[in-house]
$ cat target-v9.cif   # mmCIF, C-alpha atoms, pLDDT in the B column; chains and numbers go by the auth columns
data_target
loop_
_atom_site.group_PDB
_atom_site.id
_atom_site.type_symbol
_atom_site.label_atom_id
_atom_site.label_comp_id
_atom_site.label_asym_id
_atom_site.label_seq_id
_atom_site.Cartn_x
_atom_site.Cartn_y
_atom_site.Cartn_z
_atom_site.B_iso_or_equiv
_atom_site.auth_seq_id
_atom_site.auth_asym_id
ATOM 1 C CA MET A 1 11.344 -15.861 -12.011 63.00 14 A
ATOM 2 C CA PRO A 2 8.597 -13.524 -13.228 61.00 15 A
ATOM 3 C CA SER A 3 7.565 -14.040 -16.828 79.00 16 A
ATOM 4 C CA THR A 4 5.719 -10.793 -17.615 93.00 17 A
ATOM 5 C CA PRO A 5 6.549 -7.141 -16.935 96.00 18 A
ATOM 6 C CA GLU A 6 3.561 -6.875 -14.603 96.00 19 A
ATOM 7 C CA GLU A 7 4.688 -9.910 -12.589 96.00 20 A
ATOM 8 C CA ALA A 8 8.201 -8.447 -12.337 96.00 21 A
ATOM 9 C CA PHE A 9 6.822 -5.114 -11.138 97.00 22 A
ATOM 10 C CA ARG A 10 4.519 -6.695 -8.562 96.00 23 A
ATOM 11 C CA ARG A 11 7.437 -8.762 -7.277 96.00 24 A
ATOM 12 C CA LEU A 12 9.458 -5.525 -7.027 96.00 25 A
ATOM 13 C CA LEU A 13 6.715 -3.964 -4.884 96.00 26 A
ATOM 14 C CA ASP A 14 6.515 -7.040 -2.627 96.00 27 A
ATOM 15 C CA ARG A 15 10.274 -6.961 -2.085 96.00 28 A
ATOM 16 C CA MET A 16 10.240 -3.197 -1.424 94.00 29 A
ATOM 17 C CA LEU A 17 7.565 -3.648 1.231 95.00 30 A
ATOM 18 C CA ALA A 18 9.618 -6.478 2.756 95.00 31 A
ATOM 19 C CA LYS A 19 12.656 -4.108 2.830 94.00 32 A
ATOM 20 C CA ASP A 20 14.658 -6.689 0.846 96.00 33 A
ATOM 21 C CA THR A 21 16.645 -4.321 -1.356 95.00 34 A
ATOM 22 C CA ASP A 22 19.051 -7.041 -2.529 96.00 35 A
ATOM 23 C CA ALA A 23 16.094 -9.018 -3.847 97.00 36 A
ATOM 24 C CA VAL A 24 14.782 -5.876 -5.568 97.00 37 A
ATOM 25 C CA ALA A 25 18.135 -5.410 -7.333 97.00 38 A
ATOM 26 C CA ASP A 26 18.131 -9.089 -8.319 97.00 39 A
ATOM 27 C CA LEU A 27 15.103 -8.326 -10.523 97.00 40 A
ATOM 28 C CA TRP A 28 17.358 -6.255 -12.825 98.00 41 A
ATOM 29 C CA ALA A 29 19.221 -7.702 -15.769 98.00 42 A
ATOM 30 C CA GLU A 30 22.984 -7.530 -15.265 98.00 43 A
ATOM 31 C CA ASP A 31 23.167 -4.585 -17.693 98.00 44 A
ATOM 32 C CA GLY A 32 19.702 -3.192 -16.899 98.00 45 A
ATOM 33 C CA THR A 33 19.268 0.509 -16.249 98.00 46 A
ATOM 34 C CA ALA A 34 17.212 2.720 -13.995 98.00 47 A
ATOM 35 C CA GLU A 35 16.534 6.345 -14.901 97.00 48 A
ATOM 36 C CA PHE A 36 15.077 9.166 -12.838 95.00 49 A
ATOM 37 C CA PRO A 37 14.483 12.055 -15.277 94.00 50 A
ATOM 38 C CA PHE A 38 13.281 14.454 -12.556 89.00 51 A
ATOM 39 C CA ALA A 39 16.111 13.740 -10.097 85.00 52 A
ATOM 40 C CA THR A 40 17.755 16.803 -8.586 79.00 53 A
ATOM 41 C CA GLY A 41 20.585 17.605 -6.221 72.00 54 A
ATOM 42 C CA SER A 42 22.691 14.596 -5.320 75.00 55 A
ATOM 43 C CA SER A 43 20.108 12.066 -6.535 81.00 56 A
ATOM 44 C CA PRO A 44 21.370 10.084 -9.529 90.00 57 A
ATOM 45 C CA ARG A 45 19.627 10.536 -12.862 94.00 58 A
ATOM 46 C CA ARG A 46 20.793 7.174 -14.233 97.00 59 A
ATOM 47 C CA LEU A 47 22.000 3.861 -12.834 97.00 60 A
ATOM 48 C CA ALA A 48 23.794 1.507 -15.194 98.00 61 A
ATOM 49 C CA GLY A 49 23.780 -2.166 -14.309 97.00 62 A
ATOM 50 C CA ARG A 50 22.386 -4.337 -11.546 98.00 63 A
ATOM 51 C CA GLU A 51 25.170 -3.493 -9.096 98.00 64 A
ATOM 52 C CA GLU A 52 24.572 0.279 -9.367 97.00 65 A
ATOM 53 C CA VAL A 53 20.878 -0.411 -8.789 97.00 66 A
ATOM 54 C CA ARG A 54 21.837 -2.558 -5.774 97.00 67 A
ATOM 55 C CA GLY A 55 23.940 0.252 -4.287 96.00 68 A
ATOM 56 C CA TYR A 56 21.163 2.788 -4.785 93.00 69 A
ATOM 57 C CA MET A 57 18.508 0.492 -3.340 94.00 70 A
ATOM 58 C CA ALA A 58 20.641 -0.332 -0.285 93.00 71 A
ATOM 59 C CA ALA A 59 20.417 3.303 0.881 88.00 72 A
ATOM 60 C CA LEU A 60 16.620 3.630 0.541 86.00 73 A
ATOM 61 C CA PRO A 61 15.608 2.006 3.868 87.00 74 A
ATOM 62 C CA GLU A 62 17.683 4.649 5.682 85.00 75 A
ATOM 63 C CA LEU A 63 15.688 7.398 3.922 83.00 76 A
ATOM 64 C CA MET A 64 12.142 6.162 3.402 86.00 77 A
ATOM 65 C CA ASP A 65 10.074 3.539 5.181 91.00 78 A
ATOM 66 C CA VAL A 66 7.503 2.412 2.624 91.00 79 A
ATOM 67 C CA ARG A 67 4.608 0.846 4.535 94.00 80 A
ATOM 68 C CA GLU A 68 2.014 0.247 1.816 96.00 81 A
ATOM 69 C CA ILE A 69 1.307 0.576 -1.878 96.00 82 A
ATOM 70 C CA PRO A 70 -2.446 1.172 -1.816 95.00 83 A
ATOM 71 C CA ALA A 71 -2.966 2.005 -5.478 92.00 84 A
ATOM 72 C CA VAL A 72 -1.451 0.359 -8.566 97.00 85 A
ATOM 73 C CA THR A 73 -2.648 0.814 -12.134 98.00 86 A
ATOM 74 C CA VAL A 74 -0.861 -1.067 -14.907 98.00 87 A
ATOM 75 C CA HIS A 75 -1.139 0.127 -18.501 98.00 88 A
ATOM 76 C CA HIS A 76 -0.098 -2.354 -21.166 97.00 89 A
ATOM 77 C CA THR A 77 1.564 -0.954 -24.278 97.00 90 A
ATOM 78 C CA GLU A 78 1.837 -2.077 -27.869 97.00 91 A
ATOM 79 C CA ARG A 79 5.178 -3.585 -26.903 97.00 92 A
ATOM 80 C CA PRO A 80 4.422 -6.651 -24.736 96.00 93 A
ATOM 81 C CA GLU A 81 7.726 -6.325 -22.877 97.00 94 A
ATOM 82 C CA THR A 82 6.915 -2.760 -21.708 98.00 95 A
ATOM 83 C CA ILE A 83 4.312 -1.485 -19.243 98.00 96 A
ATOM 84 C CA VAL A 84 3.512 1.909 -17.754 98.00 97 A
ATOM 85 C CA VAL A 85 2.608 1.805 -14.078 98.00 98 A
ATOM 86 C CA GLU A 86 0.984 4.413 -11.855 98.00 99 A
ATOM 87 C CA PHE A 87 1.326 3.725 -8.160 97.00 100 A
ATOM 88 C CA THR A 88 1.251 5.384 -4.773 95.00 101 A
ATOM 89 C CA GLY A 89 3.610 4.725 -1.902 93.00 102 A
ATOM 90 C CA ASN A 90 2.714 5.511 1.703 94.00 103 A
ATOM 91 C CA GLY A 91 5.009 5.462 4.680 92.00 104 A
ATOM 92 C CA HIS A 92 7.241 7.812 6.619 89.00 105 A
ATOM 93 C CA THR A 93 10.663 9.327 6.274 86.00 106 A
ATOM 94 C CA VAL A 94 13.348 7.944 8.545 87.00 107 A
ATOM 95 C CA ARG A 95 15.026 11.317 9.190 81.00 108 A
ATOM 96 C CA THR A 96 11.917 13.163 10.380 83.00 109 A
ATOM 97 C CA GLY A 97 9.373 10.434 11.056 86.00 110 A
ATOM 98 C CA GLU A 98 6.963 12.497 8.952 84.00 111 A
ATOM 99 C CA PRO A 99 4.357 10.566 6.983 87.00 112 A
ATOM 100 C CA TYR A 100 4.384 10.793 3.226 85.00 113 A
ATOM 101 C CA GLN A 101 2.300 9.789 0.264 89.00 114 A
ATOM 102 C CA LEU A 102 4.095 9.826 -3.074 89.00 115 A
ATOM 103 C CA ASP A 103 2.692 9.170 -6.515 92.00 116 A
ATOM 104 C CA TYR A 104 4.882 7.601 -9.168 94.00 117 A
ATOM 105 C CA ILE A 105 4.727 6.817 -12.854 97.00 118 A
ATOM 106 C CA ALA A 106 7.202 4.236 -14.123 98.00 119 A
ATOM 107 C CA VAL A 107 7.903 2.830 -17.575 98.00 120 A
ATOM 108 C CA ILE A 108 9.294 -0.679 -17.248 98.00 121 A
ATOM 109 C CA THR A 109 10.759 -2.999 -19.864 98.00 122 A
ATOM 110 C CA VAL A 110 11.369 -6.654 -19.006 98.00 123 A
ATOM 111 C CA GLN A 111 13.135 -9.291 -21.073 96.00 124 A
ATOM 112 C CA ASP A 112 13.637 -12.900 -20.024 94.00 125 A
ATOM 113 C CA GLY A 113 11.965 -12.111 -16.688 94.00 126 A
ATOM 114 C CA LEU A 114 14.434 -9.353 -15.722 97.00 127 A
ATOM 115 C CA ILE A 115 14.098 -5.581 -15.806 98.00 128 A
ATOM 116 C CA THR A 116 16.197 -4.130 -18.611 98.00 129 A
ATOM 117 C CA HIS A 117 14.958 -0.552 -18.328 98.00 130 A
ATOM 118 C CA TYR A 118 13.129 1.226 -15.520 98.00 131 A
ATOM 119 C CA ARG A 119 12.281 4.915 -15.934 98.00 132 A
ATOM 120 C CA ASP A 120 10.752 6.417 -12.783 96.00 133 A
ATOM 121 C CA TYR A 121 9.014 9.804 -12.806 94.00 134 A
ATOM 122 C CA TRP A 122 8.909 10.695 -9.105 85.00 135 A
ATOM 123 C CA ASN A 123 8.506 14.169 -7.644 80.00 136 A
ATOM 124 C CA PRO A 124 11.774 15.359 -6.030 78.00 137 A
ATOM 125 C CA LEU A 125 10.038 18.293 -4.328 77.00 138 A
ATOM 126 C CA ALA A 126 7.554 15.983 -2.592 76.00 139 A
ATOM 127 C CA VAL A 127 10.375 13.666 -1.502 73.00 140 A
ATOM 128 C CA ALA A 128 12.437 16.583 -0.145 74.00 141 A
ATOM 129 C CA GLU A 129 9.429 18.006 1.681 75.00 142 A
ATOM 130 C CA ALA A 130 8.687 14.654 3.328 73.00 143 A
ATOM 131 C CA ALA A 131 12.353 14.135 4.201 71.00 144 A
ATOM 132 C CA GLY A 132 12.715 17.586 5.732 74.00 145 A
ATOM 133 C CA THR A 133 15.332 18.569 3.140 74.00 146 A
ATOM 134 C CA LEU A 134 13.253 20.944 1.020 72.00 147 A
ATOM 135 C CA PRO A 135 15.229 24.076 2.049 73.00 148 A
ATOM 136 C CA GLU A 136 18.515 22.400 1.056 77.00 149 A
ATOM 137 C CA LEU A 137 17.070 21.229 -2.264 70.00 150 A
ATOM 138 C CA LEU A 138 15.721 24.688 -3.058 76.00 151 A
ATOM 139 C CA ASP A 139 19.099 26.233 -2.154 77.00 152 A
ATOM 140 C CA SER A 140 20.889 23.802 -4.483 74.00 153 A
ATOM 141 C CA LEU A 141 18.443 24.593 -7.284 70.00 154 A
ATOM 142 C CA ARG A 142 18.927 28.327 -6.774 74.00 155 A
ATOM 143 C CA SER A 143 22.712 28.055 -6.770 74.00 156 A
ATOM 144 C CA GLY A 144 22.574 25.837 -9.882 63.00 157 A
ATOM 145 C CA ALA A 145 20.430 28.400 -11.702 60.00 158 A
ATOM 146 C CA ALA A 146 22.796 31.200 -10.746 58.00 159 A
ATOM 147 C CA GLY A 147 25.850 29.404 -12.157 54.00 160 A
#

$ encode --input "target-v9.cif" --output "structure tokens"
Amino acid sequence: MPSTPEEAFRRLLDRMLAKDTDAVADLWAEDGTAEFPFATGSSPRRLAGREEVRGYMAALPELMDVREIPAVTVHHTERPETIVVEFTGNGHTVRTGEPYQLDYIAVITVQDGLITHYRDYWNPLAVAEAAGTLPELLDSLRSGAAG
């Protein structure tokens, strides 16, 4: 069991690279949350509880094949249980086989070795472009703005 937020995050990355999404979800506290403030379209903005995180994570290997995390910068905060992490993920999308490189910023709070809050600021336009779904995302944004 990781004891610091940084150890928990690095374990999360290791499990993501190993494609072990159940083990990733096991890093969450039972009532831990994950938030994606920039999520659009059908992507969830908030997951409540480990089992919602598990369901979300289970679908990721069918969408994105993360091959490496070449850059990780951890910023410690005044709150020892919270870190801010900048990282890059490289791989390819399953649907198109197109390579991608995505930059992330995440704010992570860990208590008793488990993630209690994970807020991930990823770029939905970059994800849609890599996945070959940018036209559909733009259409959904246009129709949402018109309504």

$ closest_residue --input "target-v9.cif" --among "A:Thr122, A:Gly145, A:Leu138, A:Ala72" --to "A:Arg108" --atoms "all atoms listed in the file"
A:Gly145

$ resolve_selection --input "target-v9.cif" --expression "the PyMOL selection byres ((chain A and resi 54-67) around 7)" --output "number ranges by chain"
A: 35, 38, 41-50, 52-53, 68-71, 150, 153

$ closest_residue --input "target-v9.cif" --among "A:Leu76, A:Leu25, A:Leu30, A:Ile121" --to "A:Val98" --atoms "only C-alpha atoms"
A:Ile121

$ residues_around --input "target-v9.cif" --residues "A:Pro74" --least-positions-apart "3" --cutoff "9 Å" --atoms "only C-alpha atoms" --output "list in words"
Lys32, Thr34, Met70, Ala71, Met77, Asp78, Val79 and Val107 of chain A

$ residues_around --input "target-v9.cif" --residues "A:Asp27" --least-positions-apart "2" --cutoff "12 Å" --atoms "only C-alpha atoms" --output "PyMOL selection string"
chain A and resi 20-25+29-34+36-37+40+79-82

$ atom_distance --input "target-v9.cif" --atom1 "atom CA of A:Ile118" --atom2 "atom CA of A:Pro83"
14.3 Å

$ atom_distance --input "target-v9.cif" --atom1 "atom CA of A:Ala144" --atom2 "atom CA of A:Val87"
27.8 Å

$ axis_aligned_box --input "target-v9.cif" --around "stretch 138-147 of chain A" --padding-each-side "8 Å" --output "JSON"
{"center_x": 11.4, "center_y": 17.3, "center_z": 0.7, "size_x": 23.8, "size_y": 23.3, "size_z": 26.1}

$ residues_around --input "target-v9.cif" --residues "A:Ile96" --least-positions-apart "5" --cutoff "6 Å" --atoms "all atoms listed in the file" --output "PyMOL selection string"
chain A and resi 88-90+120-121

$ atom_distance --input "target-v9.cif" --atom1 "atom CA of A:Phe51" --atom2 "atom CA of A:Asp133"
8.4 Å

$ closest_residue --input "target-v9.cif" --among "A:Asp39, A:Asp116, A:Glu91, A:Glu111" --to "A:Tyr134" --atoms "all atoms listed in the file"
A:Asp116

$ closest_residue --input "target-v9.cif" --among "A:Leu151, A:Glu19, A:Val85, A:Thr129" --to "A:Phe100" --atoms "only C-alpha atoms"
A:Val85
